[in-house]
>>> print(open('structure_11.cif').read())   # mmCIF, C-alpha atoms
data_final
loop_
_atom_site.label_atom_id
_atom_site.label_comp_id
_atom_site.auth_asym_id
_atom_site.auth_seq_id
_atom_site.Cartn_x
_atom_site.Cartn_y
_atom_site.Cartn_z
CA MET A 1 17.06 -89.41 -15.12
CA ALA A 2 18.24 -88.91 -18.69
CA THR A 3 16.97 -85.82 -20.43
CA LEU A 4 16.46 -84.97 -24.06
CA PRO A 5 16.73 -81.61 -25.81
CA PHE A 6 13.32 -80.40 -26.88
CA GLU A 7 12.24 -77.54 -29.12
CA LEU A 8 8.72 -76.38 -29.83
CA VAL A 9 8.65 -74.07 -32.85
CA SER A 10 5.74 -72.14 -34.31
CA PRO A 11 6.03 -70.03 -37.48
CA GLU A 12 6.08 -66.89 -35.37
CA LYS A 13 8.70 -67.89 -32.84
CA LEU A 14 10.56 -70.47 -30.85
CA VAL A 15 8.02 -71.29 -28.16
CA PHE A 16 10.05 -73.63 -26.01
CA SER A 17 13.67 -74.61 -26.07
CA GLY A 18 15.29 -76.63 -23.33
CA THR A 19 15.55 -80.11 -21.93
CA ALA A 20 12.84 -82.44 -20.73
CA THR A 21 12.73 -85.89 -19.27
CA GLU A 22 9.67 -86.85 -21.22
CA VAL A 23 7.47 -85.19 -23.80
CA ILE A 24 3.99 -86.42 -24.62
CA VAL A 25 2.96 -85.52 -28.15
CA PRO A 26 -0.54 -85.77 -29.65
CA GLY A 27 0.25 -87.66 -32.86
CA SER A 28 -2.31 -88.11 -35.58
CA GLU A 29 -2.29 -91.86 -34.96
CA GLY A 30 -2.42 -91.50 -31.20
CA GLU A 31 -0.51 -89.89 -28.39
CA PHE A 32 3.05 -90.97 -27.87
CA GLY A 33 5.69 -90.25 -25.30
CA VAL A 34 9.27 -89.44 -26.20
CA LEU A 35 12.10 -90.23 -23.81
CA ALA A 36 15.82 -89.77 -24.27
CA GLY A 37 17.24 -92.15 -26.87
CA HIS A 38 14.06 -92.50 -28.92
CA ALA A 39 14.47 -93.93 -32.43
CA PRO A 40 14.41 -91.41 -35.34
CA PHE A 41 10.78 -90.75 -36.04
CA ILE A 42 8.51 -88.31 -37.86
CA ALA A 43 4.84 -88.03 -36.99
CA MET A 44 2.05 -85.64 -37.82
CA LEU A 45 0.20 -83.82 -35.07
CA LYS A 46 -3.46 -83.65 -34.32
CA PRO A 47 -4.87 -80.70 -32.40
CA GLY A 48 -4.26 -81.49 -28.76
CA ILE A 49 -2.26 -80.92 -25.63
CA LEU A 50 1.46 -81.44 -25.63
CA ALA A 51 2.96 -82.08 -22.21
CA VAL A 52 6.60 -81.43 -21.35
CA LYS A 53 7.86 -83.11 -18.22
CA GLY A 54 11.04 -81.80 -16.67
CA GLU A 55 12.63 -82.43 -13.30
CA GLY A 56 9.55 -82.18 -11.11
CA SER A 57 7.91 -79.69 -13.46
CA LEU A 58 5.16 -80.04 -16.02
CA GLN A 59 4.29 -77.63 -18.81
CA ARG A 60 1.40 -77.98 -21.18
CA PHE A 61 0.96 -76.47 -24.62
CA PHE A 62 -1.94 -76.47 -27.00
CA VAL A 63 -0.63 -77.44 -30.44
CA ARG A 64 -2.41 -77.57 -33.76
CA GLY A 65 -1.25 -78.62 -37.21
CA GLY A 66 2.32 -79.63 -37.98
CA PHE A 67 4.63 -82.48 -37.18
CA ALA A 68 7.11 -83.84 -34.68
CA GLU A 69 10.59 -84.96 -35.58
CA VAL A 70 12.76 -87.10 -33.35
CA ASN A 71 16.39 -87.44 -34.31
CA PRO A 72 19.54 -88.28 -32.37
CA SER A 73 19.93 -84.64 -31.36
CA GLY A 74 16.52 -84.45 -29.73
CA LEU A 75 12.87 -83.77 -30.39
CA THR A 76 11.57 -80.89 -32.51
CA VAL A 77 7.90 -80.11 -32.80
CA LEU A 78 6.88 -77.79 -35.63
CA ALA A 79 3.34 -76.65 -34.99
CA GLU A 80 1.28 -74.14 -36.90
CA GLU A 81 0.02 -72.91 -33.58
CA ALA A 82 1.56 -73.48 -30.16
CA THR A 83 0.30 -71.74 -27.04
CA PRO A 84 0.98 -72.46 -23.38
CA VAL A 85 -2.24 -73.80 -21.86
CA GLU A 86 -2.40 -70.92 -19.38
CA GLU A 87 -2.52 -68.39 -22.22
CA ILE A 88 -5.14 -70.06 -24.37
CA ASP A 89 -7.88 -67.75 -25.43
CA PRO A 90 -11.18 -69.68 -25.18
CA ALA A 91 -12.69 -67.42 -27.87
CA ARG A 92 -9.95 -68.43 -30.28
CA LEU A 93 -10.52 -72.11 -29.62
CA GLU A 94 -14.23 -71.54 -30.19
CA GLN A 95 -13.35 -69.97 -33.52
CA HIS A 96 -11.30 -73.03 -34.50
CA ILE A 97 -14.20 -75.29 -33.58
CA ARG A 98 -16.60 -73.21 -35.64
CA ASP A 99 -14.16 -73.29 -38.58
CA ALA A 100 -13.94 -77.05 -38.28
CA GLU A 101 -17.74 -77.33 -38.21
CA GLU A 102 -17.88 -75.31 -41.41
CA ASP A 103 -15.24 -77.54 -42.96
CA VAL A 104 -17.38 -80.58 -42.19
CA ALA A 105 -20.39 -78.92 -43.76
CA ASP A 106 -18.46 -77.79 -46.84
CA ALA A 107 -16.55 -81.03 -47.44
CA THR A 108 -17.12 -82.25 -50.99
CA SER A 109 -15.47 -85.67 -50.83
CA ASP A 110 -15.77 -88.41 -48.25
CA GLU A 111 -12.08 -88.20 -47.52
CA ALA A 112 -12.22 -84.48 -46.84
CA ARG A 113 -15.27 -84.89 -44.63
CA GLN A 114 -13.60 -87.60 -42.59
CA ARG A 115 -10.54 -85.46 -42.08
CA ALA A 116 -12.62 -82.45 -41.07
CA GLU A 117 -14.67 -84.51 -38.66
CA ARG A 118 -11.55 -85.84 -37.03
CA GLN A 119 -10.26 -82.28 -36.59
CA LEU A 120 -13.54 -81.31 -35.02
CA THR A 121 -13.57 -84.14 -32.48
CA ASP A 122 -9.96 -83.42 -31.56
CA LEU A 123 -10.72 -79.76 -30.99
CA ARG A 124 -13.79 -80.55 -28.92
CA GLN A 125 -11.73 -82.89 -26.77
CA VAL A 126 -9.23 -80.13 -26.13
CA ALA A 127 -12.01 -77.74 -25.18
CA GLU A 128 -13.47 -80.28 -22.77
CA ALA A 129 -10.09 -81.02 -21.26
CA LEU A 130 -9.57 -77.32 -20.71
CA GLU A 131 -12.89 -76.93 -18.99
CA ALA A 132 -12.18 -79.89 -16.76
CA GLY A 133 -9.00 -78.08 -15.75
CA PHE A 134 -6.73 -81.09 -16.17
CA ALA A 135 -7.97 -83.02 -13.18
CA THR A 136 -6.08 -86.01 -14.52
CA PRO A 137 -2.55 -86.06 -15.92
CA ALA A 138 -2.12 -86.35 -19.67
CA HIS A 139 -2.12 -90.16 -19.76
CA MET B 1 16.33 -11.24 -55.31
CA ALA B 2 14.29 -12.87 -52.59
CA SER B 3 13.42 -10.65 -49.68
CA LEU B 4 14.53 -11.43 -46.14
CA LYS B 5 11.04 -12.53 -45.21
CA ASP B 6 10.91 -14.99 -48.10
CA LEU B 7 14.21 -16.49 -47.04
CA ARG B 8 13.07 -16.80 -43.43
CA ASN B 9 9.89 -18.59 -44.56
CA ARG B 10 11.85 -20.93 -46.74
CA ILE B 11 14.20 -21.89 -43.92
CA ALA B 12 11.28 -22.45 -41.57
CA SER B 13 9.56 -24.78 -44.02
CA VAL B 14 12.69 -26.87 -44.61
CA LYS B 15 13.12 -27.11 -40.85
CA ALA B 16 9.58 -28.42 -40.50
CA THR B 17 10.22 -31.02 -43.20
CA GLN B 18 13.40 -32.04 -41.46
CA LYS B 19 11.52 -32.61 -38.23
CA ILE B 20 9.08 -34.90 -40.00
CA THR B 21 11.74 -36.97 -41.74
CA LYS B 22 13.69 -37.21 -38.51
CA ALA B 23 10.62 -38.49 -36.68
CA MET B 24 9.87 -40.98 -39.46
CA GLN B 25 13.40 -42.23 -39.31
CA MET B 26 13.17 -42.89 -35.59
CA VAL B 27 9.81 -44.62 -35.92
CA ALA B 28 11.19 -46.79 -38.72
CA ALA B 29 14.21 -47.66 -36.58
CA ALA B 30 12.00 -48.80 -33.71
CA LYS B 31 9.75 -50.81 -35.99
CA LEU B 32 12.73 -52.24 -37.82
CA ARG B 33 14.01 -53.80 -34.64
CA ARG B 34 10.71 -55.52 -34.05
CA ALA B 35 10.38 -56.65 -37.66
CA GLN B 36 13.92 -57.95 -37.66
CA MET B 37 13.28 -59.95 -34.52
CA ALA B 38 10.13 -61.41 -36.04
CA ALA B 39 12.00 -62.35 -39.22
CA GLU B 40 14.74 -64.01 -37.21
CA ALA B 41 12.26 -65.83 -34.98
CA ALA B 42 10.60 -67.31 -38.04
CA ARG B 43 13.81 -68.67 -39.49
CA PRO B 44 14.15 -71.88 -37.43
CA TYR B 45 10.69 -73.03 -38.51
CA ALA B 46 11.38 -72.53 -42.21
CA GLN B 47 14.78 -74.19 -41.93
CA ARG B 48 13.48 -77.31 -40.16
CA MET B 49 10.67 -77.50 -42.64
CA ASP B 50 13.18 -77.46 -45.50
CA THR B 51 15.33 -80.20 -44.03
CA VAL B 52 12.43 -82.50 -43.23
CA LEU B 53 10.87 -81.98 -46.65
CA GLY B 54 14.23 -82.62 -48.30
CA ASN B 55 14.56 -85.90 -46.40
CA LEU B 56 11.01 -86.94 -47.18
CA ALA B 57 11.23 -86.07 -50.86
CA SER B 58 14.48 -87.93 -51.38
CA GLY B 59 13.03 -90.97 -49.62
CA LEU B 60 10.10 -90.84 -51.96
CA ALA B 61 12.10 -90.51 -55.17
CA GLY B 62 11.21 -93.08 -57.80
CA GLU B 63 8.13 -94.32 -55.98
CA GLY B 64 4.96 -93.91 -57.95
CA GLN B 65 3.52 -90.51 -58.78
CA PRO B 66 5.33 -87.65 -57.07
CA PRO B 67 3.05 -84.91 -55.71
CA VAL B 68 2.33 -81.91 -57.95
CA LEU B 69 3.88 -79.48 -55.50
CA ILE B 70 7.29 -81.14 -55.90
CA ALA B 71 7.27 -82.39 -59.46
CA GLY B 72 5.16 -79.66 -61.03
CA THR B 73 2.35 -80.15 -63.50
CA GLY B 74 4.78 -81.36 -66.14
CA LYS B 75 4.32 -78.16 -68.11
CA ASP B 76 6.04 -74.82 -68.06
CA GLU B 77 3.53 -72.69 -69.94
CA ASN B 78 1.64 -70.60 -67.42
CA HIS B 79 3.55 -68.65 -64.84
CA LEU B 80 2.21 -66.96 -61.76
CA LEU B 81 4.30 -64.16 -60.32
CA LEU B 82 3.55 -63.43 -56.69
CA VAL B 83 4.91 -59.95 -56.13
CA CYS B 84 5.18 -58.90 -52.49
CA THR B 85 5.82 -55.22 -51.89
CA GLY B 86 5.14 -52.69 -49.18
CA GLU B 87 1.93 -50.84 -48.48
CA ARG B 88 3.53 -47.47 -48.21
CA GLY B 89 6.13 -45.37 -49.95
CA LEU B 90 8.81 -43.02 -48.64
CA CYS B 91 11.21 -45.91 -48.50
CA GLY B 92 13.73 -45.25 -51.26
CA ALA B 93 13.88 -47.79 -54.05
CA PHE B 94 12.41 -50.62 -51.97
CA ASN B 95 9.17 -51.10 -53.89
CA SER B 96 10.53 -50.22 -57.31
CA SER B 97 13.43 -52.65 -57.09
CA ILE B 98 11.09 -55.57 -56.36
CA VAL B 99 8.78 -54.48 -59.15
CA ARG B 100 11.69 -54.10 -61.54
CA LEU B 101 12.84 -57.66 -60.87
CA ALA B 102 9.32 -58.98 -61.41
CA ARG B 103 8.89 -56.90 -64.56
CA GLU B 104 12.13 -58.17 -66.06
CA ARG B 105 11.06 -61.74 -65.35
CA ALA B 106 7.65 -61.13 -66.87
CA GLN B 107 9.18 -59.61 -69.98
CA SER B 108 11.58 -62.48 -70.55
CA LEU B 109 8.79 -65.02 -70.00
CA LEU B 110 6.51 -63.23 -72.43
CA ALA B 111 9.33 -63.06 -74.96
CA GLU B 112 9.58 -66.85 -74.73
CA GLY B 113 5.90 -67.07 -75.55
CA LYS B 114 4.78 -68.13 -72.07
CA ASP B 115 1.69 -66.87 -70.36
CA VAL B 116 2.15 -64.70 -67.28
CA LYS B 117 -0.26 -63.92 -64.49
CA ILE B 118 0.51 -61.60 -61.64
CA MET B 119 -0.73 -61.62 -58.08
CA CYS B 120 0.15 -58.58 -56.01
CA VAL B 121 0.58 -58.48 -52.27
CA GLY B 122 0.84 -54.88 -51.18
CA ARG B 123 -0.62 -51.77 -52.69
CA LYS B 124 2.56 -50.14 -53.98
CA GLY B 125 3.52 -53.00 -56.25
CA TYR B 126 0.01 -53.14 -57.62
CA GLU B 127 0.04 -49.43 -58.45
CA GLN B 128 3.25 -49.78 -60.42
CA LEU B 129 2.39 -53.03 -62.20
CA ARG B 130 -1.12 -51.88 -63.04
CA ARG B 131 0.34 -49.42 -65.51
CA ILE B 132 2.36 -52.02 -67.43
CA TYR B 133 0.24 -55.16 -67.22
CA PRO B 134 -3.30 -53.99 -66.53
CA ASP B 135 -4.94 -57.22 -67.72
CA ARG B 136 -2.48 -59.72 -66.28
CA ILE B 137 -3.10 -58.98 -62.61
CA VAL B 138 -5.41 -61.66 -61.30
CA GLU B 139 -5.51 -60.83 -57.63
CA VAL B 140 -4.51 -58.10 -55.22
CA VAL B 141 -4.01 -58.77 -51.53
CA ASP B 142 -4.17 -55.71 -49.36
CA LEU B 143 -2.37 -55.93 -46.04
CA ARG B 144 -2.87 -52.30 -45.05
CA GLY B 145 -5.33 -53.12 -42.29
CA VAL B 146 -3.01 -55.72 -40.78
CA ARG B 147 -1.06 -54.41 -37.84
CA SER B 148 1.46 -57.18 -37.52
CA ILE B 149 1.76 -59.94 -40.05
CA GLY B 150 0.82 -63.30 -38.63
CA PHE B 151 0.88 -66.77 -40.09
CA LYS B 152 -2.81 -66.44 -40.87
CA GLU B 153 -2.28 -63.85 -43.62
CA ALA B 154 0.33 -66.03 -45.29
CA HIS B 155 -1.97 -69.01 -44.95
CA ASP B 156 -4.81 -67.15 -46.68
CA ILE B 157 -2.58 -66.17 -49.59
CA ALA B 158 -1.29 -69.73 -49.86
CA SER B 159 -4.80 -71.19 -49.99
CA LYS B 160 -5.72 -68.80 -52.80
CA ILE B 161 -2.68 -69.89 -54.76
CA LEU B 162 -3.31 -73.58 -54.14
CA ALA B 163 -6.91 -73.19 -55.26
CA MET B 164 -5.67 -71.62 -58.49
CA LEU B 165 -3.23 -74.48 -58.94
CA ASP B 166 -6.04 -77.00 -58.52
CA GLN B 167 -7.98 -75.25 -61.24
CA GLY B 168 -4.94 -75.54 -63.49
CA LYS B 169 -4.51 -71.80 -63.87
CA PHE B 170 -0.74 -71.92 -63.70
CA ASP B 171 2.19 -74.37 -63.70
CA VAL B 172 4.98 -72.48 -62.03
CA CYS B 173 4.73 -69.97 -59.21
CA THR B 174 7.55 -67.58 -58.37
CA LEU B 175 7.66 -65.39 -55.30
CA PHE B 176 9.23 -61.93 -55.42
CA TYR B 177 10.28 -60.21 -52.26
CA SER B 178 13.17 -58.33 -50.76
CA ALA B 179 15.51 -60.35 -48.57
CA PHE B 180 16.77 -58.53 -45.52
CA LYS B 181 20.56 -58.57 -45.50
CA SER B 182 21.23 -55.59 -43.27
CA VAL B 183 19.79 -52.19 -42.51
CA ILE B 184 21.47 -50.68 -45.55
CA GLN B 185 21.25 -53.70 -47.81
CA GLN B 186 18.08 -55.33 -49.06
CA VAL B 187 18.26 -57.76 -51.92
CA PRO B 188 15.28 -58.19 -54.24
CA THR B 189 14.87 -61.93 -54.61
CA ALA B 190 12.93 -64.29 -56.84
CA GLN B 191 12.13 -67.67 -55.36
CA GLN B 192 10.26 -70.46 -57.08
CA ILE B 193 7.75 -71.97 -54.64
CA ILE B 194 5.71 -74.22 -56.93
CA PRO B 195 7.12 -76.70 -57.78
CA ALA B 196 9.08 -76.51 -54.56
CA THR B 197 12.83 -76.20 -54.70
CA LEU B 198 14.14 -78.42 -51.95
CA PRO B 199 17.65 -78.58 -50.61
CA PRO B 200 19.41 -81.81 -51.46
CA PRO B 201 19.41 -84.11 -48.41
CA SER B 202 22.53 -83.84 -46.32
CA GLU B 203 25.27 -86.09 -47.59
CA ASP B 204 26.85 -87.00 -44.26
CA GLU B 205 26.30 -90.59 -43.28
CA ALA B 206 24.87 -89.46 -39.94
CA ALA B 207 21.48 -88.79 -41.55
CA PRO B 208 19.23 -91.12 -39.57
CA VAL B 209 16.68 -93.47 -41.05
CA TYR B 210 13.31 -92.20 -39.94
CA GLU B 211 10.16 -94.03 -39.16
CA TYR B 212 6.99 -92.36 -40.31
CA GLU B 213 3.58 -92.19 -38.79
CA PRO B 214 1.40 -92.15 -40.86
CA VAL B 215 3.15 -93.17 -44.09
CA GLU B 216 5.40 -90.79 -45.98
CA GLU B 217 2.91 -89.88 -48.72
CA GLU B 218 0.33 -88.82 -46.14
CA ILE B 219 2.84 -86.60 -44.38
CA LEU B 220 3.98 -85.07 -47.65
CA LYS B 221 0.41 -84.40 -48.68
CA ASP B 222 -0.06 -82.38 -45.54
CA LEU B 223 3.33 -80.74 -45.40
CA LEU B 224 3.70 -79.48 -48.96
CA PRO B 225 0.76 -77.05 -48.89
CA ARG B 226 1.92 -75.95 -45.48
CA ASN B 227 5.39 -75.35 -46.86
CA VAL B 228 3.98 -72.92 -49.44
CA ALA B 229 2.41 -70.93 -46.62
CA VAL B 230 5.63 -71.02 -44.63
CA GLN B 231 7.67 -69.72 -47.55
CA ILE B 232 5.21 -66.90 -48.13
CA PHE B 233 5.18 -66.08 -44.44
CA ARG B 234 8.94 -65.89 -44.38
CA ALA B 235 8.95 -63.67 -47.46
CA LEU B 236 6.41 -61.32 -45.89
CA LEU B 237 8.44 -61.01 -42.72
CA GLU B 238 11.68 -60.42 -44.62
CA ASN B 239 9.86 -57.84 -46.68
CA GLN B 240 8.62 -56.08 -43.58
CA ALA B 241 12.12 -55.87 -42.15
CA SER B 242 13.55 -54.73 -45.48
CA PHE B 243 10.87 -52.10 -45.81
CA TYR B 244 11.70 -50.50 -42.50
CA GLY B 245 15.41 -50.76 -43.24
CA ALA B 246 14.91 -49.00 -46.56
CA GLN B 247 12.65 -46.42 -45.02
CA MET B 248 15.10 -45.73 -42.27
CA SER B 249 18.02 -45.06 -44.62
CA ALA B 250 15.83 -43.05 -46.99
CA MET B 251 14.66 -40.86 -44.14
CA ASP B 252 18.19 -40.56 -42.80
CA ASN B 253 19.26 -39.23 -46.21
CA ALA B 254 16.33 -36.85 -46.33
CA THR B 255 17.16 -35.48 -42.89
CA ARG B 256 20.75 -34.91 -43.89
CA ASN B 257 19.75 -33.20 -47.14
CA ALA B 258 17.40 -30.93 -45.26
CA GLY B 259 20.28 -30.04 -42.91
CA ASP B 260 22.47 -29.09 -45.88
CA MET B 261 19.71 -27.01 -47.37
CA ILE B 262 19.14 -25.15 -44.11
CA LYS B 263 22.84 -24.37 -43.86
CA LYS B 264 22.97 -23.01 -47.41
CA GLN B 265 19.88 -20.92 -47.01
CA THR B 266 20.98 -19.51 -43.65
CA LEU B 267 24.19 -18.38 -45.34
CA THR B 268 22.27 -16.61 -48.12
CA TYR B 269 19.95 -15.10 -45.53
CA ASN B 270 22.83 -13.66 -43.49
CA ARG B 271 24.62 -12.36 -46.57
CA THR B 272 21.49 -10.59 -47.76
CA ARG B 273 20.93 -9.13 -44.32
CA GLN B 274 24.49 -7.79 -44.11
CA ALA B 275 24.31 -6.41 -47.64
CA MET B 276 21.18 -4.50 -46.71
CA ILE B 277 22.75 -3.07 -43.56
CA THR B 278 25.83 -1.98 -45.51
CA LYS B 279 23.64 -0.38 -48.14
CA GLU B 280 21.68 1.58 -45.55
CA LEU B 281 24.89 2.73 -43.86
CA ILE B 282 26.30 3.96 -47.17
CA GLU B 283 23.10 5.84 -47.83
CA ILE B 284 23.15 7.51 -44.41
CA ILE B 285 26.86 8.42 -44.63
CA SER B 286 26.64 9.80 -48.16
CA GLY B 287 23.54 11.73 -47.14
CA ALA B 288 25.38 13.24 -44.17
CA GLU B 289 28.38 14.17 -46.36
CA ALA B 290 26.18 15.96 -48.84
CA LEU B 291 24.96 18.40 -46.22
#
>>> encode(input="structure_11.cif", output="structure tokens")
Amino acid sequence: MATLPFELVSPEKLVFSGTATEVIVPGSEGEFGVLAGHAPFIAMLKPGILAVKGEGSLQRFFVRGGFAEVNPSGLTVLAEEATPVEEIDPARLEQHIRDAEEDVADATSDEARQRAERQLTDLRQVAEALEAGFATPAH
Amino acid sequence: MASLKDLRNRIASVKATQKITKAMQMVAAAKLRRAQMAAEAARPYAQRMDTVLGNLASGLAGEGQPPVLIAGTGKDENHLLLVCTGERGLCGAFNSSIVRLARERAQSLLAEGKDVKIMCVGRKGYEQLRRIYPDRIVEVVDLRGVRSIGFKEAHDIASKILAMLDQGKFDVCTLFYSAFKSVIQQVPTAQQIIPATLPPPSEDEAAPVYEYEPVEEEILKDLLPRNVAVQIFRALLENQASFYGAQMSAMDNATRNAGDMIKKQTLTYNRTRQAMITKELIEIISGAEAL
């Protein structure tokens, strides 16, 4: 099966660099999968789980804030935060959820409130998915 | 002339100082390696960000109202200088060279009749600037309690700046930091972050035509504030690495100077000791002859 080069970069470091057969990215307009030979594409991320499928392997990362760029040389995901699912600190996720709740409460305009609410639902979904322990694959 | 005991004390104290500077040098060297790795690890992110923003901005050119963070407020009257320095001294000219660059910029701006505000990150820069521009400093960010600089700190600084921009407190923001070239070379740098200076999009025809999801303006609206934070983050990391580089070479110099001083003083000590022995001998011999 064809593979594509994939890089996951956070401001602190290069989190993942290698090849994958398919990467599933939580885009702000919905999840999308990227296979080799995808058309050039830029999408924003929503907080969620990014799944990297390799030859018979599967790695999951929690990503938050940033964007994904597909170009002929592969897929690059720039995320403000990127952590392998195994290393997620539940307390930190809790903190994000609390922050998002505050954002909803503090929002002054409708637009800001909508955006904050969306963040909050996304984060809650991630928390639920983590608790459920990924009984089902990412799609 | 100093007595032998005085000389011995003096040598002992220089030796103690030398031990301290030597230890500081080794600590700085160890921390430098970590800071350098962090600075290098952060580079890919900032680079990709630049390219993507460059592509986006050029695609947007000529379409409606460009965002404030790219086009500026249309004025050039109020300047904000964001001066990033270290939290500690004993690092040679590291802090002063950043401050000097910022001060020169402030002076030339004031001479042109512009208004200047200063925001300090790091205690040392604040202490130096406080003396010259006591009423122009609007904000001081203290990073002393922060063990290792994370994206969060940069993000906090960026949100403060963006809030000030929204209130129309300044038009142009320039970031001052020290770029890490090598252990012995750190270059004080001024970088304009608002309005953003973007690299021109690559000229080669290979540049692909992207599809955007959601539309370009939405992405830009999200990415531009983030870019400010990324630039600040990069500056802070470069600063950190430069600081340890500067400290390491400063402490290396100090250790060497202390070594020289010990050598000189040991020589004086031995000379004095021998002179005293000779004097005593002469006294004994001449005493014996007199009998």
>>> resolve_selection(input="structure_11.cif", expression="the PyMOL selection byres ((chain A) within 6 of (chain B))", output="number ranges by chain")
A: 11-13, 40-43
>>> atom_distance(input="structure_11.cif", atom1="CA of Val52 in chain A", atom2="CA of Leu35 in chain A")
10.7 Å
>>> resolve_selection(input="structure_11.cif", expression="the PyMOL selection byres ((chain A and resi 27) around 6)", output="list in words")
Val25, Pro26, Ser28, Glu29, Gly30, Glu31, Met44, Leu45 and Lys46 of chain A
>>> closest_residue(input="structure_11.cif", among="B:Thr51, B:Thr197, B:Ser286, B:Thr189", to="Ile70 in chain B", atoms="all atoms listed in the file")
B:Thr197
>>> resolve_selection(input="structure_11.cif", expression="the PyMOL selection byres ((chain A and resi 121) around 12)", output="list in words")
Lys46, Pro47, Gly48, His96, Ile97, Arg98, Ala100, Glu101, Val104, Gln114, Arg115, Ala116, Glu117, Arg118, Gln119, Leu120, Asp122, Leu123, Arg124, Gln125, Val126, Ala127 and Glu128 of chain A
>>> residues_around(input="structure_11.cif", residues="range 160-162 of chain B", least_positions_apart="3", cutoff="9 Å", atoms="all atoms listed in the file", output="VMD selection string")
chain B and resid 155 to 157 165 to 167 173 225 228
>>> write_last_selection(input="structure_11.cif", atoms="C-alpha atoms", output="PDB file, keeping the file's coordinate frame")
ATOM      1  CA  HIS B 155      -1.970 -69.010 -44.950  1.00  0.00           C
ATOM      2  CA  ASP B 156      -4.810 -67.150 -46.680  1.00  0.00           C
ATOM      3  CA  ILE B 157      -2.580 -66.170 -49.590  1.00  0.00           C
ATOM      4  CA  LEU B 165      -3.230 -74.480 -58.940  1.00  0.00           C
ATOM      5  CA  ASP B 166      -6.040 -77.000 -58.520  1.00  0.00           C
ATOM      6  CA  GLN B 167      -7.980 -75.250 -61.240  1.00  0.00           C
ATOM      7  CA  CYS B 173       4.730 -69.970 -59.210  1.00  0.00           C
ATOM      8  CA  PRO B 225       0.760 -77.050 -48.890  1.00  0.00           C
ATOM      9  CA  VAL B 228       3.980 -72.920 -49.440  1.00  0.00           C
TER      10      VAL B 228
END
>>> residues_around(input="structure_11.cif", residues="Leu75 in chain A", least_positions_apart="2", cutoff="10 Å", atoms="only C-alpha atoms", output="list in words")
Leu4, Pro5, Phe6, Glu7, Leu8, Thr19, Ala20, Val23, Val34, Leu35, Ala36, His38, Pro40, Phe41, Ile42, Ala68, Glu69, Val70, Asn71, Pro72, Ser73, Val77 and Leu78 of chain A
>>> atom_distance(input="structure_11.cif", atom1="CA of Leu80 in chain B", atom2="CA of Ala107 in chain A")
27.5 Å
>>> atom_distance(input="structure_11.cif", atom1="CA of Glu238 in chain B", atom2="CA of Leu175 in chain B")
12.4 Å
>>> residues_around(input="structure_11.cif", residues="Asp252 in chain B", least_positions_apart="6", cutoff="8 Å", atoms="all atoms listed in the file", output="mmCIF file with C-alpha atoms, in the coordinates of the input")
data_model
loop_
_atom_site.group_PDB
_atom_site.id
_atom_site.type_symbol
_atom_site.label_atom_id
_atom_site.label_comp_id
_atom_site.auth_asym_id
_atom_site.auth_seq_id
_atom_site.Cartn_x
_atom_site.Cartn_y
_atom_site.Cartn_z
ATOM 1 C CA THR B 21 11.740 -36.970 -41.740
ATOM 2 C CA LYS B 22 13.690 -37.210 -38.510
ATOM 3 C CA GLN B 25 13.400 -42.230 -39.310
#
>>> residues_near_point(input="structure_11.cif", point="(6.4, -75.3, -67.1)", cutoff="9 Å", atoms="all atoms listed in the file", output="PyMOL selection string")
chain B and resi 72-79+114+170-172
>>> write_last_selection(input="structure_11.cif", atoms="C-alpha atoms", output="short mmCIF file (atom, residue, chain, number, x, y, z; two decimals), keeping the file's coordinate frame")
data_model
loop_
_atom_site.label_atom_id
_atom_site.label_comp_id
_atom_site.auth_asym_id
_atom_site.auth_seq_id
_atom_site.Cartn_x
_atom_site.Cartn_y
_atom_site.Cartn_z
CA GLY B 72 5.16 -79.66 -61.03
CA THR B 73 2.35 -80.15 -63.50
CA GLY B 74 4.78 -81.36 -66.14
CA LYS B 75 4.32 -78.16 -68.11
CA ASP B 76 6.04 -74.82 -68.06
CA GLU B 77 3.53 -72.69 -69.94
CA ASN B 78 1.64 -70.60 -67.42
CA HIS B 79 3.55 -68.65 -64.84
CA LYS B 114 4.78 -68.13 -72.07
CA PHE B 170 -0.74 -71.92 -63.70
CA ASP B 171 2.19 -74.37 -63.70
CA VAL B 172 4.98 -72.48 -62.03
#
